[in-house]
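One structure is given here, and the rest of the page talks about it.
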Amino acid sequence: MSATATYPNYSPGLEGVIGGITTISDIISETSTLVYRGYNVHDLASKGSFEETAYLLLYGKLPNRAELDAFKKTLAEEREVPEQVYTALKQLPADTHPMDIAKVGFAVVAPYDPDYAAPATDQAANLRKAVRILAKASTIVGNGHRIRQGLEPLKPKAEHTIAQNFLYLMSGNEPDPEVAHVLDSSLTLYAEHGYNASTFACRVTVATLSDIYSGIVTGIGTLRGPLHGGANEEAMKMIMEIGAVENAEPWIRDALATKKKIMGFGHREYKKRDPRAIYLTVIAKELAVKNNVSHFAQIADILENVMETEKGIYPNVDFPAAYAYYALGIPIDLYTPIFVIARVSGWSAHVLEQLSNNRLIRPACIYEGPHSVEFVPVDQR
Ligand SMILES: CC(C)(COP(=O)(O)OP(=O)(O)OC[C@H]1O[C@@H](n2cnc3c(N)ncnc32)[C@H](O)[C@@H]1OP(=O)(O)O)[C@@H](O)C(=O)NCCC(=O)NCCS
């Protein structure tokens with residue numbers, strides 16, 4: 001008998017289990033819709049900026065012009081990280097993955113936060129920390145990338161947006177406006193997504209009344225895996241492994257026949273299409289054509305068709321993000337860290353929400369091991 005039949009209240013992977021109540025975002029699977037605080041994510045990505053979305057998530061409303069200007073000014077002022085962060089990152093091996101760089105970066109920033117000593121329940125301090133985390137994320141990832149190449153970190157520029165700051169630090173050049181615009185939209189799409197694994201992990205951490213930085217580090221560690229945020233990097237490696245358009249159909253059919261998981265496809269919550277993928281696929285395919293990697297768009301078409309007809313499974317946001325970022329010239333192992341730059345806004349909103357009505361998160365489990373085992377002293381075993 002299956003475990004779920006034996007234990008009717010047990011849901012492997014907590015699938016379908018309601019873990020809390022939120023006002024931050026809603027996933028409507030039947031209509032392939034995602035809303036942040038009531039706003040359709042397509043509207044936020046096409047008509048607004050990532051900064052407006054982050055403000056919406058953190059403060060619960062879209063900013064007016066004065067509020068947005070003040071928010072951007074604060075972000076610019078908080079963008080630099082303490083020199084000690086760079087000192088720490090310089091100690092890491094050159095092949096350290098940028099997700100580990102991000103983890104270390106935030107772990108080192110934490111004690112330098114002016115509100116470090118504030119109790120975990122001080123929500124005003126948590127909000128200030130959340131804004132600093134948002135401001136610093138693109139600097140940690142961008143300058144972390146420089147440091148691992150043996151380059152010196154650059155000073156962030158106050159006039160840049162978060163997307164521009166990342167691109168500037170990553171490349172050392174003034175960002176192209178179109179590239180920055182596409183990246184900005186993708187940050188909005190990546191910003192928030194209900195009780196996904198990393199957000200849930202983040203909430204579990206702060207529900208113990210640990211601090212927001214610990215929550216963020218937990219979130220980064222959880223996001224890294226290929227079943228979650230790491231899928232965008234894995235999807236790109238898969239497309240590159242396929243390499244040529246004529247290889248795509250045999251490759252995907254063989255992968256399905258051998259029960260391979262196709263990275264960037266499928267979703268626990270969306271049984272139809274992922275609205276973020278709907279939005280980004282159009283942009284990604286245009287970019288691929290424009291940037292001389294149109295074969296990636298053709299490979300993507302073939303994988304999408306076969307997955308839909310054979311499995312009824314659609315791409316998630318990580319699939320178009322992969323070849324969009326490639327077309328933008330972003331190194332593959334920075335794709336998941338870009339997700340971090342965006343998702344710190346959602347994680348922080350969830351930290352604030354969790355702590356506004358906190359209860360320790362501690363599910364039960366079913367023990368299937370033995371009982372009454374006699375203890376034998378070590379030398380007699
Ligand atoms: C996202 C994901 C973990 C959701 O998983 P889940 O809700 O636990 O669903 P399961 O893994 O149990 O999959 C259910 C069925 O769909 C199939 N399936 C789901 N995603 C698939 C994929 N990407 N490729 C091939 N088959 C897939 C499973 O093999 C399974 O089929 P079966 O019932 O015949 O065994 C899963 O779709 C996946 O691993 N996707 C690839 C990684 C990825 O892109 N992650 C980013 C998510 S935003």
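Identifiers in the structure tokens: chain A, B, ... in order shown; residue index from 1 per chain; ligand index from 1 in order shown.
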Problem set entry | Test item: residues at most 8 Å from A:Val306, only C-alpha atoms, excluding those fewer than 3 positions along its chain, as a PyMOL selection string | chain A and resi 249+252-253+302-303+309-311
Near-ligand residues for ligand 1, threshold 6 Å, only C-alpha atoms and all ligand atoms, as a PDB file with N, CA and C atoms, in the first residue's frame:
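Contents of result-v2.pdb, freshly written:
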```pdb
ATOM      1  N   PRO A 226      18.334  22.594  -8.662  1.00  0.00           N
ATOM      2  CA  PRO A 226      17.774  22.586 -10.017  1.00  0.00           C
ATOM      3  C   PRO A 226      16.271  22.333 -10.094  1.00  0.00           C
ATOM      4  N   LEU A 227      15.649  21.815  -9.027  1.00  0.00           N
ATOM      5  CA  LEU A 227      14.190  21.679  -9.074  1.00  0.00           C
ATOM      6  C   LEU A 227      13.518  23.014  -8.803  1.00  0.00           C
ATOM      7  N   HIS A 228      14.303  24.017  -8.381  1.00  0.00           N
ATOM      8  CA  HIS A 228      13.752  25.357  -8.083  1.00  0.00           C
ATOM      9  C   HIS A 228      14.522  26.350  -8.964  1.00  0.00           C
ATOM     10  N   GLY A 229      15.123  27.369  -8.403  1.00  0.00           N
ATOM     11  CA  GLY A 229      15.744  28.427  -9.215  1.00  0.00           C
ATOM     12  C   GLY A 229      16.881  27.965 -10.099  1.00  0.00           C
ATOM     13  N   ALA A 231      17.021  25.764 -12.008  1.00  0.00           N
ATOM     14  CA  ALA A 231      16.552  25.218 -13.285  1.00  0.00           C
ATOM     15  C   ALA A 231      16.917  26.120 -14.460  1.00  0.00           C
ATOM     16  N   LYS A 260      13.875  11.226 -18.176  1.00  0.00           N
ATOM     17  CA  LYS A 260      14.645  12.382 -17.698  1.00  0.00           C
ATOM     18  C   LYS A 260      13.707  13.518 -17.350  1.00  0.00           C
ATOM     19  N   LYS A 261      14.047  14.277 -16.328  1.00  0.00           N
ATOM     20  CA  LYS A 261      13.317  15.514 -16.036  1.00  0.00           C
ATOM     21  C   LYS A 261      13.855  16.594 -16.971  1.00  0.00           C
ATOM     22  N   ILE A 262      12.969  17.278 -17.657  1.00  0.00           N
ATOM     23  CA  ILE A 262      13.402  18.319 -18.589  1.00  0.00           C
ATOM     24  C   ILE A 262      13.399  19.649 -17.830  1.00  0.00           C
ATOM     25  N   MET A 263      14.585  20.203 -17.698  1.00  0.00           N
ATOM     26  CA  MET A 263      14.726  21.408 -16.873  1.00  0.00           C
ATOM     27  C   MET A 263      14.029  22.606 -17.520  1.00  0.00           C
ATOM     28  N   GLY A 264      13.318  23.370 -16.689  1.00  0.00           N
ATOM     29  CA  GLY A 264      12.579  24.522 -17.206  1.00  0.00           C
ATOM     30  C   GLY A 264      11.174  24.160 -17.659  1.00  0.00           C
ATOM     31  N   PHE A 265      10.742  22.942 -17.366  1.00  0.00           N
ATOM     32  CA  PHE A 265       9.370  22.522 -17.705  1.00  0.00           C
ATOM     33  C   PHE A 265       8.681  21.997 -16.448  1.00  0.00           C
ATOM     34  N   GLY A 266       7.377  22.222 -16.385  1.00  0.00           N
ATOM     35  CA  GLY A 266       6.576  21.688 -15.285  1.00  0.00           C
ATOM     36  C   GLY A 266       6.528  22.648 -14.114  1.00  0.00           C
ATOM     37  N   HIS A 267       5.490  22.507 -13.342  1.00  0.00           N
ATOM     38  CA  HIS A 267       5.355  23.354 -12.153  1.00  0.00           C
ATOM     39  C   HIS A 267       4.371  22.726 -11.178  1.00  0.00           C
ATOM     40  N   ARG A 268       4.681  22.783  -9.903  1.00  0.00           N
ATOM     41  CA  ARG A 268       3.781  22.228  -8.890  1.00  0.00           C
ATOM     42  C   ARG A 268       2.434  22.946  -8.889  1.00  0.00           C
ATOM     43  N   ASN A 316       8.164  26.478 -17.681  1.00  0.00           N
ATOM     44  CA  ASN A 316       8.015  27.454 -16.600  1.00  0.00           C
ATOM     45  C   ASN A 316       8.928  28.642 -16.897  1.00  0.00           C
TER      46      ASN A 316
END
```
Problem set entry | Long-range neighbours of stretch 297-301 of chain A as a ChimeraX atom specification, 12 Å cut-off, only C-alpha atoms, 3 positions minimum in chain | /A:235-236,238-252,262-265,281-294,304-308,314-315,319-324,326-327
File of the preceding selection, C-alpha atoms, as a PDB file, in the first residue's frame:
```pdb
ATOM      1  CA  ALA A 235      17.843  24.610 -18.913  1.00  0.00           C
ATOM      2  CA  MET A 236      20.546  26.612 -20.692  1.00  0.00           C
ATOM      3  CA  MET A 238      20.477  21.444 -21.826  1.00  0.00           C
ATOM      4  CA  ILE A 239      19.842  23.757 -24.813  1.00  0.00           C
ATOM      5  CA  MET A 240      23.585  24.029 -25.380  1.00  0.00           C
ATOM      6  CA  GLU A 241      24.021  20.275 -25.116  1.00  0.00           C
ATOM      7  CA  ILE A 242      21.342  19.849 -27.808  1.00  0.00           C
ATOM      8  CA  GLY A 243      23.315  22.392 -29.804  1.00  0.00           C
ATOM      9  CA  ALA A 244      21.686  22.180 -33.243  1.00  0.00           C
ATOM     10  CA  VAL A 245      18.039  22.383 -34.318  1.00  0.00           C
ATOM     11  CA  GLU A 246      18.102  18.928 -35.969  1.00  0.00           C
ATOM     12  CA  ASN A 247      19.199  17.342 -32.671  1.00  0.00           C
ATOM     13  CA  ALA A 248      16.288  18.767 -30.689  1.00  0.00           C
ATOM     14  CA  GLU A 249      13.501  16.319 -31.510  1.00  0.00           C
ATOM     15  CA  PRO A 250      15.554  13.095 -31.124  1.00  0.00           C
ATOM     16  CA  TRP A 251      17.119  14.499 -27.945  1.00  0.00           C
ATOM     17  CA  ILE A 252      13.829  15.321 -26.234  1.00  0.00           C
ATOM     18  CA  ILE A 262      13.402  18.319 -18.589  1.00  0.00           C
ATOM     19  CA  MET A 263      14.726  21.408 -16.873  1.00  0.00           C
ATOM     20  CA  GLY A 264      12.579  24.522 -17.206  1.00  0.00           C
ATOM     21  CA  PHE A 265       9.370  22.522 -17.705  1.00  0.00           C
ATOM     22  CA  THR A 281       8.877  33.501 -24.153  1.00  0.00           C
ATOM     23  CA  VAL A 282       7.877  36.230 -26.628  1.00  0.00           C
ATOM     24  CA  ILE A 283      10.762  38.439 -25.516  1.00  0.00           C
ATOM     25  CA  ALA A 284      13.268  35.577 -25.339  1.00  0.00           C
ATOM     26  CA  LYS A 285      12.518  34.389 -28.870  1.00  0.00           C
ATOM     27  CA  GLU A 286      12.792  37.915 -30.277  1.00  0.00           C
ATOM     28  CA  LEU A 287      16.089  38.392 -28.458  1.00  0.00           C
ATOM     29  CA  ALA A 288      17.457  35.082 -29.707  1.00  0.00           C
ATOM     30  CA  VAL A 289      16.739  36.069 -33.302  1.00  0.00           C
ATOM     31  CA  LYS A 290      18.180  39.547 -32.820  1.00  0.00           C
ATOM     32  CA  ASN A 291      21.359  38.323 -31.146  1.00  0.00           C
ATOM     33  CA  ASN A 292      22.306  35.610 -33.629  1.00  0.00           C
ATOM     34  CA  VAL A 293      21.222  32.659 -31.523  1.00  0.00           C
ATOM     35  CA  SER A 294      17.945  32.062 -33.359  1.00  0.00           C
ATOM     36  CA  GLU A 304       7.855  23.031 -26.130  1.00  0.00           C
ATOM     37  CA  ASN A 305       5.857  21.192 -28.827  1.00  0.00           C
ATOM     38  CA  VAL A 306       7.036  17.731 -27.871  1.00  0.00           C
ATOM     39  CA  MET A 307       6.553  18.383 -24.133  1.00  0.00           C
ATOM     40  CA  GLU A 308       3.036  19.656 -24.743  1.00  0.00           C
ATOM     41  CA  TYR A 314       4.561  23.475 -20.397  1.00  0.00           C
ATOM     42  CA  PRO A 315       7.670  25.587 -19.879  1.00  0.00           C
ATOM     43  CA  PHE A 319      13.039  28.050 -19.655  1.00  0.00           C
ATOM     44  CA  PRO A 320      12.655  31.348 -21.564  1.00  0.00           C
ATOM     45  CA  ALA A 321      14.756  33.135 -18.919  1.00  0.00           C
ATOM     46  CA  ALA A 322      17.632  30.807 -19.783  1.00  0.00           C
ATOM     47  CA  TYR A 323      17.977  31.665 -23.463  1.00  0.00           C
ATOM     48  CA  ALA A 324      16.886  35.285 -22.928  1.00  0.00           C
ATOM     49  CA  TYR A 326      22.104  33.949 -22.875  1.00  0.00           C
ATOM     50  CA  ALA A 327      21.088  36.311 -25.683  1.00  0.00           C
TER      51      ALA A 327
END
```
Rows by chain and residue number, stretch 334-369 of chain A within 12 Å of stretch 142-156 of chain A, shortest pair, only C-alpha atoms, as CSV:
```
residue,atom,partner,partner_atom,distance
A:Leu334,CA,A:His145,CA,8.2
A:Tyr335,CA,A:Gly142,CA,11.7
A:Pro337,CA,A:Gly142,CA,9.3
A:Ile338,CA,A:Gly142,CA,9.4
A:Val340,CA,A:Gly142,CA,11.8
A:Ile341,CA,A:Gly142,CA,9.9
```
Problem set entry | Best match for closeness to A:Met170 among A:Val204, A:Ile330, A:Leu360, A:Ile278, counting only C-alpha atoms |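 Of A:Val204, A:Ile330, A:Leu360, A:Ile278, the one nearest A:Met170 is A:Ile330, counting only C-alpha atoms.
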Exercise. Between A:Phe200, A:His42, A:Val179, A:Ala163, which is the closest to A:Leu223 once you count only C-alpha atoms?
Worked result: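 Using only C-alpha atoms, A:Leu223 sits closest to A:Phe200.
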For this session: Could you find all residues in stretch 186-322 of chain A that DSSP calls alpha helix (DSSP H) from the backbone, and write them as a PyMOL selection string?
Result: chain A and resi 186-190+197-207+212-223+231-242+245-257+275-290+294-311+318-322
